[in-house]
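Listing of start_19.tsv, TSV, C-alpha atoms
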chain	number	residue	atom	x	y	z
A	1459	LYS	CA	148.80	14.90	-198.33
A	1460	ALA	CA	148.18	11.76	-196.35
A	1461	GLY	CA	144.55	11.08	-195.56
A	1462	VAL	CA	142.87	10.51	-192.24
A	1463	THR	CA	144.18	7.42	-190.50
A	1464	GLN	CA	142.44	5.42	-187.82
A	1465	THR	CA	143.90	2.72	-185.63
A	1466	PRO	CA	143.22	-0.03	-185.07
A	1467	ARG	CA	141.11	-1.00	-188.07
A	1468	TYR	CA	139.47	-3.92	-186.29
A	1469	LEU	CA	138.90	-4.61	-182.63
A	1470	ILE	CA	137.16	-7.34	-180.69
A	1471	LYS	CA	136.27	-6.77	-177.04
A	1472	THR	CA	133.96	-8.32	-174.48
A	1473	ARG	CA	131.17	-6.71	-172.51
A	1474	GLY	CA	132.33	-4.58	-169.64
A	1475	GLN	CA	135.75	-3.83	-171.09
A	1476	GLN	CA	136.85	-0.44	-172.27
A	1477	VAL	CA	138.39	0.57	-175.57
A	1478	THR	CA	140.38	3.46	-177.00
A	1479	LEU	CA	140.32	4.36	-180.68
A	1480	SER	CA	142.77	6.70	-182.35
A	1481	CYS	CA	142.46	9.15	-185.22
A	1482	SER	CA	145.18	11.12	-186.97
A	1483	PRO	CA	143.75	13.96	-189.06
A	1484	ILE	CA	145.02	15.36	-192.32
A	1485	SER	CA	147.99	17.62	-191.73
A	1486	GLY	CA	146.82	21.15	-190.98
A	1487	HIS	CA	143.31	20.16	-189.98
A	1488	ARG	CA	142.26	21.31	-186.53
A	1489	SER	CA	138.82	19.74	-186.30
A	1490	VAL	CA	138.13	16.08	-185.63
A	1491	SER	CA	134.63	14.62	-185.50
A	1492	TRP	CA	133.61	11.13	-184.46
A	1493	TYR	CA	130.62	9.16	-185.73
A	1494	GLN	CA	129.10	5.80	-184.92
A	1495	GLN	CA	127.81	3.92	-187.96
A	1496	THR	CA	125.38	1.01	-187.59
A	1497	PRO	CA	123.02	-0.64	-190.08
A	1498	GLY	CA	119.65	1.05	-190.00
A	1499	GLN	CA	120.88	4.00	-187.94
A	1500	GLY	CA	123.31	5.52	-190.39
A	1501	LEU	CA	125.91	7.89	-188.99
A	1502	GLN	CA	125.27	9.13	-185.51
A	1503	PHE	CA	127.35	12.11	-184.41
A	1504	LEU	CA	129.34	11.54	-181.23
A	1505	PHE	CA	131.39	14.69	-180.76
A	1506	GLU	CA	133.71	17.16	-182.40
A	1507	TYR	CA	136.98	18.56	-181.15
A	1508	PHE	CA	138.59	21.76	-182.35
A	1509	SER	CA	141.92	22.98	-181.04
A	1510	GLU	CA	141.81	20.53	-178.11
A	1511	THR	CA	138.32	21.65	-177.01
A	1512	GLN	CA	135.07	19.77	-177.44
A	1513	ARG	CA	133.00	22.06	-179.62
A	1514	ASN	CA	129.92	19.93	-180.34
A	1515	LYS	CA	128.43	16.86	-178.72
A	1516	GLY	CA	125.83	14.33	-179.81
A	1517	ASN	CA	123.34	12.40	-177.72
A	1518	PHE	CA	125.46	9.55	-176.44
A	1519	PRO	CA	125.87	8.42	-172.83
A	1520	GLY	CA	128.82	9.50	-170.76
A	1521	ARG	CA	130.53	6.15	-171.40
A	1522	PHE	CA	131.63	7.70	-174.67
A	1523	SER	CA	134.34	10.30	-174.30
A	1524	GLY	CA	137.09	11.80	-176.33
A	1525	ARG	CA	140.00	14.14	-176.35
A	1526	GLN	CA	142.25	15.94	-178.75
A	1527	PHE	CA	145.95	16.55	-178.43
A	1528	SER	CA	147.97	19.61	-179.38
A	1529	ASN	CA	148.96	17.98	-182.68
A	1530	SER	CA	145.23	17.58	-183.48
A	1531	ARG	CA	145.32	13.79	-183.10
A	1532	SER	CA	142.24	12.57	-181.33
A	1533	GLU	CA	141.26	9.58	-179.25
A	1534	MET	CA	137.85	8.23	-178.43
A	1535	ASN	CA	137.20	6.06	-175.39
A	1536	VAL	CA	134.24	3.83	-174.63
A	1537	SER	CA	134.01	2.41	-171.13
A	1538	THR	CA	131.93	-0.50	-169.87
A	1539	LEU	CA	131.26	-1.82	-173.35
A	1540	GLU	CA	127.80	-3.11	-174.24
A	1541	LEU	CA	126.79	-5.39	-177.09
A	1542	GLY	CA	125.04	-2.45	-178.74
A	1543	ASP	CA	128.32	-0.59	-179.04
A	1544	SER	CA	129.33	-2.90	-181.88
A	1545	ALA	CA	129.67	-0.58	-184.85
A	1546	LEU	CA	131.97	1.10	-187.31
A	1547	TYR	CA	133.46	4.18	-185.71
A	1548	LEU	CA	134.39	6.86	-188.21
A	1549	CYS	CA	136.61	9.81	-187.68
A	1550	ALA	CA	136.50	12.87	-189.92
A	1551	SER	CA	138.88	15.78	-189.99
A	1552	GLY	CA	138.49	19.25	-191.42
A	1553	PRO	CA	139.91	22.74	-191.29
A	1554	GLY	CA	137.42	23.58	-188.54
A	1555	THR	CA	136.57	27.00	-189.92
A	1556	GLY	CA	135.25	28.34	-193.17
A	1557	THR	CA	132.12	28.57	-195.24
A	1558	TYR	CA	130.96	25.09	-194.41
A	1559	ASN	CA	131.91	22.03	-192.43
A	1560	GLU	CA	134.19	20.30	-194.90
A	1561	GLN	CA	134.94	16.81	-193.62
A	1562	PHE	CA	137.35	14.12	-194.78
A	1563	PHE	CA	136.69	10.65	-193.44
A	1564	GLY	CA	139.03	7.92	-192.36
A	1565	PRO	CA	138.39	4.23	-193.12
A	1566	GLY	CA	136.94	3.59	-189.68
A	1567	THR	CA	137.53	1.19	-186.82
A	1568	ARG	CA	135.25	-1.84	-186.76
A	1569	LEU	CA	134.47	-2.62	-183.10
A	1570	THR	CA	132.85	-5.93	-182.22
A	1571	VAL	CA	131.65	-6.46	-178.66
A	1572	LEU	CA	131.06	-10.08	-177.62
B	509	ALA	CA	117.60	21.32	-185.58
B	510	GLN	CA	117.72	19.72	-188.99
B	511	SER	CA	117.01	16.18	-190.12
B	512	VAL	CA	117.45	14.08	-193.25
B	513	THR	CA	115.24	11.32	-194.59
B	514	GLN	CA	116.42	8.78	-197.11
B	515	LEU	CA	113.32	6.80	-197.95
B	516	ASP	CA	114.99	3.90	-199.72
B	517	SER	CA	117.37	1.70	-197.74
B	518	GLN	CA	118.27	-0.35	-200.81
B	519	VAL	CA	117.97	0.34	-204.53
B	520	PRO	CA	118.75	-2.45	-207.03
B	521	VAL	CA	119.22	-1.32	-210.62
B	522	PHE	CA	120.53	-2.93	-213.77
B	523	GLU	CA	123.79	-1.75	-215.28
B	524	GLU	CA	123.38	1.15	-217.74
B	525	ALA	CA	119.91	1.96	-216.36
B	526	PRO	CA	119.13	5.33	-214.76
B	527	VAL	CA	118.83	5.69	-211.00
B	528	GLU	CA	117.46	8.19	-208.51
B	529	LEU	CA	118.27	8.11	-204.81
B	530	ARG	CA	115.85	10.19	-202.80
B	531	CYS	CA	116.68	12.60	-200.02
B	532	ASN	CA	114.39	14.95	-198.14
B	533	TYR	CA	115.47	17.29	-195.40
B	534	SER	CA	113.79	19.28	-192.68
B	535	SER	CA	115.12	22.58	-191.41
B	536	SER	CA	113.74	25.92	-190.31
B	537	VAL	CA	116.78	27.79	-191.63
B	538	SER	CA	118.83	27.89	-194.81
B	539	VAL	CA	120.93	24.80	-195.39
B	540	TYR	CA	123.86	23.36	-197.25
B	541	LEU	CA	123.36	19.85	-198.66
B	542	PHE	CA	125.77	17.04	-199.44
B	543	TRP	CA	125.93	13.57	-200.89
B	544	TYR	CA	128.64	11.22	-199.67
B	545	VAL	CA	129.52	7.78	-201.05
B	546	GLN	CA	130.94	4.88	-199.07
B	547	TYR	CA	132.55	1.96	-200.88
B	548	PRO	CA	132.96	-1.36	-199.01
B	549	ASN	CA	135.49	-1.21	-196.17
B	550	GLN	CA	136.16	2.46	-196.72
B	551	GLY	CA	135.20	5.75	-195.14
B	552	LEU	CA	132.86	8.28	-196.70
B	553	GLN	CA	133.90	10.45	-199.63
B	554	LEU	CA	132.21	13.68	-200.64
B	555	LEU	CA	130.40	13.17	-203.95
B	556	LEU	CA	128.85	16.61	-204.44
B	557	LYS	CA	127.58	19.57	-202.50
B	558	TYR	CA	125.10	22.42	-202.75
B	559	LEU	CA	126.08	25.63	-201.00
B	560	SER	CA	124.41	28.35	-203.10
B	561	GLY	CA	123.87	29.43	-206.69
B	562	SER	CA	122.77	26.93	-209.31
B	563	THR	CA	120.38	24.39	-207.83
B	564	LEU	CA	121.80	21.64	-210.05
B	565	VAL	CA	125.18	20.33	-208.95
B	566	GLU	CA	127.28	17.66	-210.61
B	567	SER	CA	130.05	15.26	-209.65
B	568	ILE	CA	133.01	14.21	-211.75
B	569	ASN	CA	131.67	10.69	-212.24
B	570	GLY	CA	128.32	11.55	-213.78
B	571	PHE	CA	126.08	11.96	-210.74
B	572	GLU	CA	123.97	15.07	-210.29
B	573	ALA	CA	121.63	16.37	-207.63
B	574	GLU	CA	119.08	19.13	-207.66
B	575	PHE	CA	118.21	21.31	-204.70
B	576	ASN	CA	114.46	21.86	-204.55
B	577	LYS	CA	113.64	24.29	-201.77
B	578	SER	CA	109.85	24.08	-202.13
B	579	GLN	CA	109.91	20.31	-201.83
B	580	THR	CA	112.84	20.28	-199.40
B	581	SER	CA	114.54	17.65	-201.50
B	582	PHE	CA	118.02	16.94	-202.82
B	583	HIS	CA	117.66	13.79	-204.92
B	584	LEU	CA	120.70	12.17	-206.49
B	585	ARG	CA	120.51	10.96	-210.08
B	586	LYS	CA	122.64	9.25	-212.67
B	587	PRO	CA	121.43	8.55	-216.23
B	588	SER	CA	123.43	5.34	-216.65
B	589	VAL	CA	124.98	3.41	-213.77
B	590	HIS	CA	128.07	1.19	-213.80
B	591	ILE	CA	129.00	-1.79	-211.68
B	592	SER	CA	131.58	0.42	-209.97
B	593	ASP	CA	128.77	2.64	-208.63
B	594	THR	CA	127.75	-0.11	-206.23
B	595	ALA	CA	128.14	1.54	-202.83
B	596	GLU	CA	126.20	3.16	-200.02
B	597	TYR	CA	125.15	6.76	-200.50
B	598	PHE	CA	124.51	9.20	-197.68
B	599	CYS	CA	122.65	12.48	-197.88
B	600	ALA	CA	123.68	15.11	-195.33
B	601	VAL	CA	122.57	18.57	-194.28
B	602	THR	CA	124.07	21.38	-192.31
B	603	ARG	CA	122.87	24.81	-191.36
B	604	SER	CA	124.28	27.44	-193.68
B	605	GLY	CA	126.29	30.46	-192.66
B	606	GLY	CA	129.55	29.11	-191.39
B	607	TYR	CA	130.87	26.07	-189.66
B	608	GLN	CA	128.02	23.90	-188.33
B	609	LYS	CA	127.39	20.32	-187.31
B	610	VAL	CA	126.46	17.95	-190.15
B	611	THR	CA	123.46	15.62	-189.91
B	612	PHE	CA	123.50	12.46	-192.02
B	613	GLY	CA	120.71	10.27	-193.35
B	614	ILE	CA	120.68	6.53	-192.72
B	615	GLY	CA	122.06	5.76	-196.17
B	616	THR	CA	120.86	4.07	-199.36
B	617	LYS	CA	122.62	1.00	-200.69
B	618	LEU	CA	122.84	1.08	-204.44
B	619	GLN	CA	123.29	-2.35	-205.96
B	620	VAL	CA	124.09	-2.39	-209.65
B	621	ILE	CA	123.15	-5.67	-211.28
B	622	PRO	CA	125.16	-6.82	-214.31

Take the structure in the file and write it out as structure tokens.
Amino acid sequence: KAGVTQTPRYLIKTRGQQVTLSCSPISGHRSVSWYQQTPGQGLQFLFEYFSETQRNKGNFPGRFSGRQFSNSRSEMNVSTLELGDSALYLCASGPGTGTYNEQFFGPGTRLTVL
Amino acid sequence: AQSVTQLDSQVPVFEEAPVELRCNYSSSVSVYLFWYVQYPNQGLQLLLKYLSGSTLVESINGFEAEFNKSQTSFHLRKPSVHISDTAEYFCAVTRSGGYQKVTFGIGTKLQVIP
């Protein structure tokens, strides 16, 4: 099975712009979670989508949004970028049901805001 | 709500020496515990997990972790490290009893010195 893929891998934007990141989960997985990773903060949970519905949400401002399509692919959007949004954005997919939250991570998208 | 504390942000250790990466968690309910590893420019990979049963769990590459409920700890150990173990290690916790959100620690960078 192919793993989780994220595009693009690297992105450079300027303050005030918006950005869209894409995540393709492992075939058959219905859950996609997004995390922001920064030095000193670790992984901060953004949100999780399951069967096109947002199931869980972290404590991020409304500038961060996401969606999931019927094929389970997910996109994350950040509007009005700030310098502090520079981070590695990780996507993780999983079956979405079961004994525990089994997650498989993609390589991430490195976003730099200038 | 649960939380995870990784006390050491960086741990340097000489090759073939033993290592322990510390993880403490806080939760008012039963939990599942995980260790993930992140190699440079890659996403996170599950290293090992504790769901129930034996409190000592092992990975295929020689790491082990012990769940200690009284001390609310899940420390990761390896008796002899290799250069290839250089990576960042994340402890994570989730509420047990089905599919739940996962909370990650801030990570510990293990640097193996030749």

Which residue, A:Gly1461, A:Gly1566, A:Gly1542, A:Gly1474, has the smallest gap to chain B when you use only C-alpha atoms?
A:Gly1566

Rounded to one decimal, what separation in Å do you get between atom CA of A:Asn1529 and atom CA of B:Lys609?
22.2 Å

Please return, as a ChimeraX atom specification, all residues of chain A lying within 10 Å of chain B when all atoms listed in the file are considered.
/A:1462,1467,1491,1495-1503,1505-1506,1513-1516,1546-1550,1553-1568

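Among A:Leu1569, A:Ile1484, A:Leu1541, A:Val1490, the residue with the shortest atom-to-atom distance to A:Thr1465, counting all atoms listed in the file, is A:Leu1569.
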
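For the atom pair formed by atom CA of B:Tyr558 and atom CA of B:Asn576, the distance is 10.8 Å, given to one decimal.
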
Please provide as a PDB file with C-alpha atoms, keeping the file's coordinate frame all residues within 7 Å of B:Lys617, with the sequence filter that same-chain residues fewer than 2 positions apart are discarded (counting only C-alpha atoms).
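As written to disk, out-v1.pdb reads:
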ATOM      1  CA  SER B 517     117.370   1.700-197.740  1.00  0.00           C
ATOM      2  CA  GLN B 518     118.270  -0.350-200.810  1.00  0.00           C
ATOM      3  CA  VAL B 519     117.970   0.340-204.530  1.00  0.00           C
ATOM      4  CA  ALA B 595     128.140   1.540-202.830  1.00  0.00           C
ATOM      5  CA  GLU B 596     126.200   3.160-200.020  1.00  0.00           C
ATOM      6  CA  TYR B 597     125.150   6.760-200.500  1.00  0.00           C
ATOM      7  CA  GLY B 615     122.060   5.760-196.170  1.00  0.00           C
ATOM      8  CA  GLN B 619     123.290  -2.350-205.960  1.00  0.00           C
TER       9      GLN B 619
END

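Considering the residues B:Val521, B:Gly561, B:Tyr544, B:Ser511 and counting all atoms listed in the file, B:Val589 has its shortest atom-to-atom contact with B:Val521.
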
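The two atoms in question, atom CA of A:Glu1533 and atom CA of A:Gln1494, are spaced 13.9 Å apart.
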
Give as a ChimeraX atom specification each residue that has an atom at most 6 Å from (145.5, 12.7, -188.5) in the file, counting only C-alpha atoms.
/A:1462-1463,1481-1484,1531

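Those residues that approach A:Arg1525 to within 9 Å, counting only C-alpha atoms, are A:Tyr1507, A:Glu1510, A:Thr1511, A:Gln1512, A:Arg1531, A:Ser1532, A:Glu1533, A:Met1534, A:Asn1535; same-chain residues fewer than 3 positions away are not listed.
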
Reconstruct N, CA, C and O atoms of stretch 560-577 of chain B from the incomplete input and present them as a PDB file, keeping the file's coordinate frame.
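After the write, result14.pdb holds the following:
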ATOM      1  N   SER B 560     125.222  27.222-202.616  1.00  0.00           N
ATOM      2  CA  SER B 560     124.410  28.350-203.100  1.00  0.00           C
ATOM      3  C   SER B 560     124.508  28.361-204.617  1.00  0.00           C
ATOM      4  O   SER B 560     125.213  27.545-205.212  1.00  0.00           O
ATOM      5  N   GLY B 561     123.778  29.283-205.238  1.00  0.00           N
ATOM      6  CA  GLY B 561     123.870  29.430-206.690  1.00  0.00           C
ATOM      7  C   GLY B 561     123.005  28.426-207.409  1.00  0.00           C
ATOM      8  O   GLY B 561     121.878  28.143-207.000  1.00  0.00           O
ATOM      9  N   SER B 562     123.530  27.870-208.496  1.00  0.00           N
ATOM     10  CA  SER B 562     122.770  26.930-209.310  1.00  0.00           C
ATOM     11  C   SER B 562     122.245  25.775-208.464  1.00  0.00           C
ATOM     12  O   SER B 562     122.986  25.191-207.682  1.00  0.00           O
ATOM     13  N   THR B 563     120.983  25.455-208.651  1.00  0.00           N
ATOM     14  CA  THR B 563     120.380  24.390-207.830  1.00  0.00           C
ATOM     15  C   THR B 563     120.768  23.011-208.326  1.00  0.00           C
ATOM     16  O   THR B 563     120.516  22.019-207.657  1.00  0.00           O
ATOM     17  N   LEU B 564     121.364  22.926-209.505  1.00  0.00           N
ATOM     18  CA  LEU B 564     121.800  21.640-210.050  1.00  0.00           C
ATOM     19  C   LEU B 564     123.311  21.539-209.887  1.00  0.00           C
ATOM     20  O   LEU B 564     124.060  22.376-210.393  1.00  0.00           O
ATOM     21  N   VAL B 565     123.743  20.534-209.172  1.00  0.00           N
ATOM     22  CA  VAL B 565     125.180  20.330-208.950  1.00  0.00           C
ATOM     23  C   VAL B 565     125.572  18.978-209.512  1.00  0.00           C
ATOM     24  O   VAL B 565     124.786  18.037-209.497  1.00  0.00           O
ATOM     25  N   GLU B 566     126.820  18.890-209.970  1.00  0.00           N
ATOM     26  CA  GLU B 566     127.280  17.660-210.610  1.00  0.00           C
ATOM     27  C   GLU B 566     128.570  17.169-209.981  1.00  0.00           C
ATOM     28  O   GLU B 566     129.345  17.949-209.430  1.00  0.00           O
ATOM     29  N   SER B 567     128.793  15.850-210.094  1.00  0.00           N
ATOM     30  CA  SER B 567     130.050  15.260-209.650  1.00  0.00           C
ATOM     31  C   SER B 567     130.874  14.896-210.876  1.00  0.00           C
ATOM     32  O   SER B 567     130.384  14.905-212.005  1.00  0.00           O
ATOM     33  N   ILE B 568     132.124  14.525-210.643  1.00  0.00           N
ATOM     34  CA  ILE B 568     133.010  14.210-211.750  1.00  0.00           C
ATOM     35  C   ILE B 568     132.688  12.863-212.382  1.00  0.00           C
ATOM     36  O   ILE B 568     133.110  12.579-213.491  1.00  0.00           O
ATOM     37  N   ASN B 569     131.946  12.020-211.686  1.00  0.00           N
ATOM     38  CA  ASN B 569     131.670  10.690-212.240  1.00  0.00           C
ATOM     39  C   ASN B 569     130.229  10.536-212.704  1.00  0.00           C
ATOM     40  O   ASN B 569     129.687   9.430-212.699  1.00  0.00           O
ATOM     41  N   GLY B 570     129.605  11.632-213.102  1.00  0.00           N
ATOM     42  CA  GLY B 570     128.320  11.550-213.780  1.00  0.00           C
ATOM     43  C   GLY B 570     127.084  11.660-212.906  1.00  0.00           C
ATOM     44  O   GLY B 570     125.963  11.658-213.418  1.00  0.00           O
ATOM     45  N   PHE B 571     127.235  11.754-211.606  1.00  0.00           N
ATOM     46  CA  PHE B 571     126.080  11.960-210.740  1.00  0.00           C
ATOM     47  C   PHE B 571     125.695  13.439-210.714  1.00  0.00           C
ATOM     48  O   PHE B 571     126.550  14.310-210.891  1.00  0.00           O
ATOM     49  N   GLU B 572     124.428  13.698-210.479  1.00  0.00           N
ATOM     50  CA  GLU B 572     123.970  15.070-210.290  1.00  0.00           C
ATOM     51  C   GLU B 572     122.868  15.082-209.243  1.00  0.00           C
ATOM     52  O   GLU B 572     122.212  14.060-209.001  1.00  0.00           O
ATOM     53  N   ALA B 573     122.696  16.220-208.619  1.00  0.00           N
ATOM     54  CA  ALA B 573     121.630  16.370-207.630  1.00  0.00           C
ATOM     55  C   ALA B 573     121.038  17.760-207.793  1.00  0.00           C
ATOM     56  O   ALA B 573     121.740  18.715-208.140  1.00  0.00           O
ATOM     57  N   GLU B 574     119.758  17.855-207.529  1.00  0.00           N
ATOM     58  CA  GLU B 574     119.080  19.130-207.660  1.00  0.00           C
ATOM     59  C   GLU B 574     118.456  19.552-206.348  1.00  0.00           C
ATOM     60  O   GLU B 574     117.682  18.795-205.742  1.00  0.00           O
ATOM     61  N   PHE B 575     118.783  20.745-205.922  1.00  0.00           N
ATOM     62  CA  PHE B 575     118.210  21.310-204.700  1.00  0.00           C
ATOM     63  C   PHE B 575     116.844  21.880-205.035  1.00  0.00           C
ATOM     64  O   PHE B 575     116.706  22.742-205.903  1.00  0.00           O
ATOM     65  N   ASN B 576     115.818  21.378-204.352  1.00  0.00           N
ATOM     66  CA  ASN B 576     114.460  21.860-204.550  1.00  0.00           C
ATOM     67  C   ASN B 576     113.951  22.377-203.215  1.00  0.00           C
ATOM     68  O   ASN B 576     113.562  21.605-202.344  1.00  0.00           O
ATOM     69  N   LYS B 577     113.979  23.694-203.067  1.00  0.00           N
ATOM     70  CA  LYS B 577     113.640  24.290-201.770  1.00  0.00           C
ATOM     71  C   LYS B 577     112.170  24.089-201.427  1.00  0.00           C
ATOM     72  O   LYS B 577     111.815  23.818-200.273  1.00  0.00           O
TER      73      LYS B 577
END
